[in-house]
Amino acid sequence: MQEPPVLEAQKVNKYFYSPDKTQVLKEVTFKVTRGEFVSIMGKSGCGKSTLLYILSTMDTDYEGTLSIDGEVITGKSPSYLSKIRNEKIGFVFQFHYLLNEFSVLENVMIPGLKLNKKSRHELEHIAMEKLKIFDMQDHALKKANQLSGGQKQRVAIARSLMNDPLIIMGDEPTGNLDKKNSDIVFNIFKELAQEFKQTMLIVTHDAEFAAGTDRIIEMEDGYIIKQ
Amino acid sequence: MKISLILEIAKALMLARFKQTMIAAVGVVFSITMFVALLGFMNGLNKLLDGLILNRTPHIRFYNEIKPSVNQPIDLTDEFSNFYNIIRSVKPAASRLSIYNNEAIIRTLEEDPRVLGVAPKLSAQVFYNVGTIDITGVINGIDVEAESKLFAFTDYVTVGNYIDLKNTSNSIILGKGAADRMMAEIGDVIQATTSQGNRVQLKVVGYYQSGLGDLDNVQSYASIGTVQKMLGETASYVTDIQVKLKDFNLAPAMARDYRDIFGIDADDIQTVNAQFETGTNIRTLISYAVGITLLIVSGFGIYNILNMMIYEKMDTIAILKAIGFSGRDVNNIFITIALTIGFVGGSIGLILGFMAGLGIERIPFETEALPTVKTFPVDFNPKYYIIAAIFSIVTTYFAGYFPARKASGVDPVEIIRGK
């Protein structure tokens, strides 16, 4: 039997209502299978970020059906969706989004603490391992706001890996970084895809970045024009 | 959801905005301190003022009232029973003041388990003969031991020893006002004339000062035997029976029952002193109102600070939600912050309030009217501390409730997109 796709969107429509009703996503249908490294490309305003937020379960105001790991999650309760986000999805945003009140290590640990399946001691060990992948272990006890932009993004990726998620979603993870740092981050993603067979779905408008992925989904005006 | 994680995040948020959190907590500390100190002080004063009258007032007093007969002769005849009889100019019946069969009544009362104690009393109108001048007064004949045990008689004997009243024959404790007018020193012998015309010599063994000037000008005390002798009556002559109950709330019902059983008049403390109760209630009400207002104001302070914190921490809330925290978790985090402020502020407030009470209790408060009081009275009733503790938690909970609800409703997409 074939494995169910990690992520499947069927005929997803999305409207914005202010100021006028405009359709931003039109009949978006696609799949991501296990181990794939997929990028979504398109000009700004084509709806790619909107699509990502729907896929991430944070935006529930859409038409169509969305399944994660073979389970239809459209119409589930917000608290159930929170659980899915915690367990199965890892996020990387354009603007690093670390919690400045906590240390680097704690930032990485929080999704694990929230999942509450392992002891604090184990989680600390796992978080340290994740940081080691990105060569950030020396900064573990620093506060999040003492890091540089590139370092923060690396920590954010480490955090997204904390619960060994089914899929990692990134919203222009290199968009806010200089060339050097974005190369580092890109290499990290590649490494994750090749060495850890991590399923990833990254929104980007960086053609160079997209070229390095397994599959490119191109969007324009709310449609998928090529995959 | 693990509580420890909620606590950890709440703690981190509070430490990140430590100054603001402190200010909110200080607001609670201040209001709780004031609440406890104010209520303690107010009620201390209340108790003192009420005590002035109520300590000296029997819970039930039995006596014979001079009044017209309830059943006039015309009502007893069958001939006029179908008529509406109007009698003009009715005069009081010549009943005796002494309580009939009072020894049996006292014995019955003493056997009643609800009764704490019984003290017979006898009042006599007298003139004090000072040179050529006569000063009116009332001498109360009391059972010295029962009176001091039940009605704190000793507290009001400011000079001299109360027990001399019993041990020295023909002795008197003069009201301070009366003594001043007669210029009677301790050990002096004064002369009094009763309304029957008997003259007696009485030795002054002490001064009585209740703090109520009118009372002290008139009232003096002697042992019940002395007064019986003055009036030329037997040892069974008693005009009042004063009863102190274990629970004075039973007084009205008991007064009613015994009035019918003994066939004499009975007054209960609630009826006689209704105005004191009203005064006390209103003073208590005012102090609660002020205290609770303080707490509510500090509640608004917490509300404000939490609201600001939520605006500042929108990013944090969005990230927490993105990585799998539900609205409920976020809600719990902010409620935890509010309750922590309430709990810490409240606890410190209770301690400071207690210390403020101790401080107030040391402030000298000497007044002619209150001979037994040297410092301000403070009531350390745990009731006020419990109320303050509950209120600090309840107001902070409500102060946190609305901001927390707002935080739980934050849409992470909007925040993340908005950047």
# chains A, B, ... in the order shown; residues from 1 in each chain; ligands from 1

call {"tool": "closest_atom_pairs", "arguments": {"of": "stretch 86-158 of chain B", "to": "stretch 245-260 of chain B", "cutoff": "8 Å", "atoms": "only C-alpha atoms", "output": "tab-separated table"}}
result
residue	atom	partner	partner_atom	distance
B:Arg114	CA	B:Lys246	CA	5.8
B:Val115	CA	B:Leu245	CA	4.4
B:Leu116	CA	B:Leu245	CA	4.8
B:Gly117	CA	B:Leu245	CA	7.0

call {"tool": "write_last_selection", "arguments": {"atoms": "C-alpha atoms", "output": "PDB file, in the first residue's frame"}}
result
ATOM      1  CA  ARG B 114     -28.539  29.484  77.570  1.00  0.00           C
ATOM      2  CA  VAL B 115     -27.869  31.824  80.471  1.00  0.00           C
ATOM      3  CA  LEU B 116     -24.318  32.869  81.317  1.00  0.00           C
ATOM      4  CA  GLY B 117     -25.206  34.543  84.590  1.00  0.00           C
TER       5      GLY B 117
END

call {"tool": "residues_around", "arguments": {"residues": "stretch 142-153 of chain A", "least_positions_apart": "6", "cutoff": "10 Å", "atoms": "only C-alpha atoms", "output": "JSON, numbers by chain"}}
result
{"A": [92, 93, 94, 95, 96, 97, 98, 99, 100, 101, 102, 103, 104, 105, 106, 107, 134, 135, 136, 159, 173, 174, 176, 177, 178, 180, 181, 182, 183, 184, 185]}

call {"tool": "interface_residues", "arguments": {"of": "chain A", "to": "chain B", "cutoff": "6 Å", "atoms": "only C-alpha atoms", "output": "count of residues only"}}
result
7

call {"tool": "residues_around", "arguments": {"residues": "stretch 140-150 of chain B", "least_positions_apart": "6", "cutoff": "9 Å", "atoms": "only C-alpha atoms", "output": "VMD selection string"}}
result
chain B and resid 55 to 56 58 116 to 125 162 to 163 165 to 166 219 to 228 238 243 to 244

call {"tool": "closest_residue", "arguments": {"among": "A:Glu8, A:Leu55, A:Lys88, A:Tyr62", "to": "A:Val24", "atoms": "only C-alpha atoms"}}
result
A:Tyr62

call {"tool": "residues_around", "arguments": {"residues": "A:Thr50", "least_positions_apart": "3", "cutoff": "12 Å", "atoms": "only C-alpha atoms", "output": "MDAnalysis selection string"}}
result
(chainID A and resid 12:16 23:26 28 40 44:47 53:62 171 203 219 221:222) or (chainID B and resid 413:414 416:417)

call {"tool": "select_by_dssp", "arguments": {"residues": "chain A", "states": "strand (DSSP E)", "output": "ChimeraX atom specification"}}
result
/A:7-16,22-32,37-42,63-68,71-72,89-92,167-171,199-204,215-220,223-226

call {"tool": "residues_around", "arguments": {"residues": "A:Ile217", "least_positions_apart": "4", "cutoff": "12 Å", "atoms": "only C-alpha atoms", "output": "PyMOL selection string"}}
result
chain A and resi 28-32+37-42+48+51+201-205+207+210-211+213+223-227

call {"tool": "write_last_selection", "arguments": {"atoms": "N, CA and C atoms", "output": "compact mmCIF listing (two decimals), in the first residue's frame"}}
result
# COMPACT_ATOMS: atom_id res chain seq x y z
N VAL A 28 -6.67 25.68 -5.37
CA VAL A 28 -5.29 25.19 -5.22
C VAL A 28 -5.32 23.72 -4.80
N THR A 29 -4.69 22.89 -5.59
CA THR A 29 -4.67 21.46 -5.30
C THR A 29 -3.25 20.95 -5.50
N PHE A 30 -2.67 20.34 -4.47
CA PHE A 30 -1.35 19.72 -4.63
C PHE A 30 -1.06 18.79 -3.46
N LYS A 31 0.00 18.03 -3.58
CA LYS A 31 0.39 17.07 -2.53
C LYS A 31 1.86 17.23 -2.22
N VAL A 32 2.22 16.90 -1.01
CA VAL A 32 3.63 16.79 -0.68
C VAL A 32 3.84 15.39 -0.10
N PHE A 37 11.43 17.86 -0.68
CA PHE A 37 11.84 19.22 -0.37
C PHE A 37 11.21 20.10 -1.43
N VAL A 38 10.10 20.75 -1.07
CA VAL A 38 9.30 21.48 -2.06
C VAL A 38 9.42 22.97 -1.79
N SER A 39 9.50 23.75 -2.86
CA SER A 39 9.44 25.20 -2.66
C SER A 39 8.27 25.77 -3.44
N ILE A 40 7.67 26.81 -2.85
CA ILE A 40 6.60 27.51 -3.54
C ILE A 40 7.15 28.85 -3.97
N MET A 41 7.05 29.11 -5.26
CA MET A 41 7.61 30.37 -5.77
C MET A 41 6.51 31.22 -6.36
N GLY A 42 6.78 32.48 -6.41
CA GLY A 42 5.83 33.38 -7.05
C GLY A 42 6.16 34.79 -6.66
N LYS A 48 1.12 33.13 -2.06
CA LYS A 48 1.88 31.98 -1.57
C LYS A 48 1.98 31.95 -0.04
N LEU A 51 -1.35 30.87 1.32
CA LEU A 51 -1.48 29.42 1.20
C LEU A 51 -0.75 28.72 2.35
N LEU A 201 8.48 22.29 3.16
CA LEU A 201 7.72 23.10 2.22
C LEU A 201 8.10 24.55 2.50
N ILE A 202 8.82 25.15 1.54
CA ILE A 202 9.36 26.47 1.80
C ILE A 202 8.81 27.47 0.79
N VAL A 203 8.26 28.54 1.30
CA VAL A 203 7.82 29.64 0.43
C VAL A 203 9.00 30.58 0.23
N THR A 204 9.28 30.92 -1.02
CA THR A 204 10.42 31.81 -1.27
C THR A 204 10.20 32.58 -2.58
N HIS A 205 10.88 33.68 -2.73
CA HIS A 205 10.91 34.26 -4.07
C HIS A 205 12.34 34.35 -4.58
N ALA A 207 14.97 32.69 -6.51
CA ALA A 207 15.03 31.64 -7.54
C ALA A 207 16.18 30.68 -7.29
N ALA A 210 15.15 28.26 -4.70
CA ALA A 210 14.17 27.31 -5.23
C ALA A 210 14.84 26.27 -6.13
N ALA A 211 15.84 26.73 -6.88
CA ALA A 211 16.50 25.81 -7.81
C ALA A 211 17.13 24.63 -7.09
N THR A 213 15.86 22.93 -4.70
CA THR A 213 14.88 22.03 -4.07
C THR A 213 14.45 20.94 -5.04
N TYR A 223 -3.38 31.08 -8.60
CA TYR A 223 -3.39 29.76 -9.25
C TYR A 223 -2.03 29.11 -9.13
N ILE A 224 -2.03 27.79 -9.17
CA ILE A 224 -0.75 27.09 -9.34
C ILE A 224 -0.55 26.96 -10.84
N ILE A 225 0.51 27.55 -11.34
CA ILE A 225 0.66 27.50 -12.80
C ILE A 225 1.61 26.41 -13.26
N LYS A 226 2.43 25.92 -12.36
CA LYS A 226 3.35 24.87 -12.78
C LYS A 226 3.80 24.10 -11.55
N GLN A 227 3.81 22.78 -11.64
CA GLN A 227 4.49 22.05 -10.57
C GLN A 227 5.29 20.86 -11.08
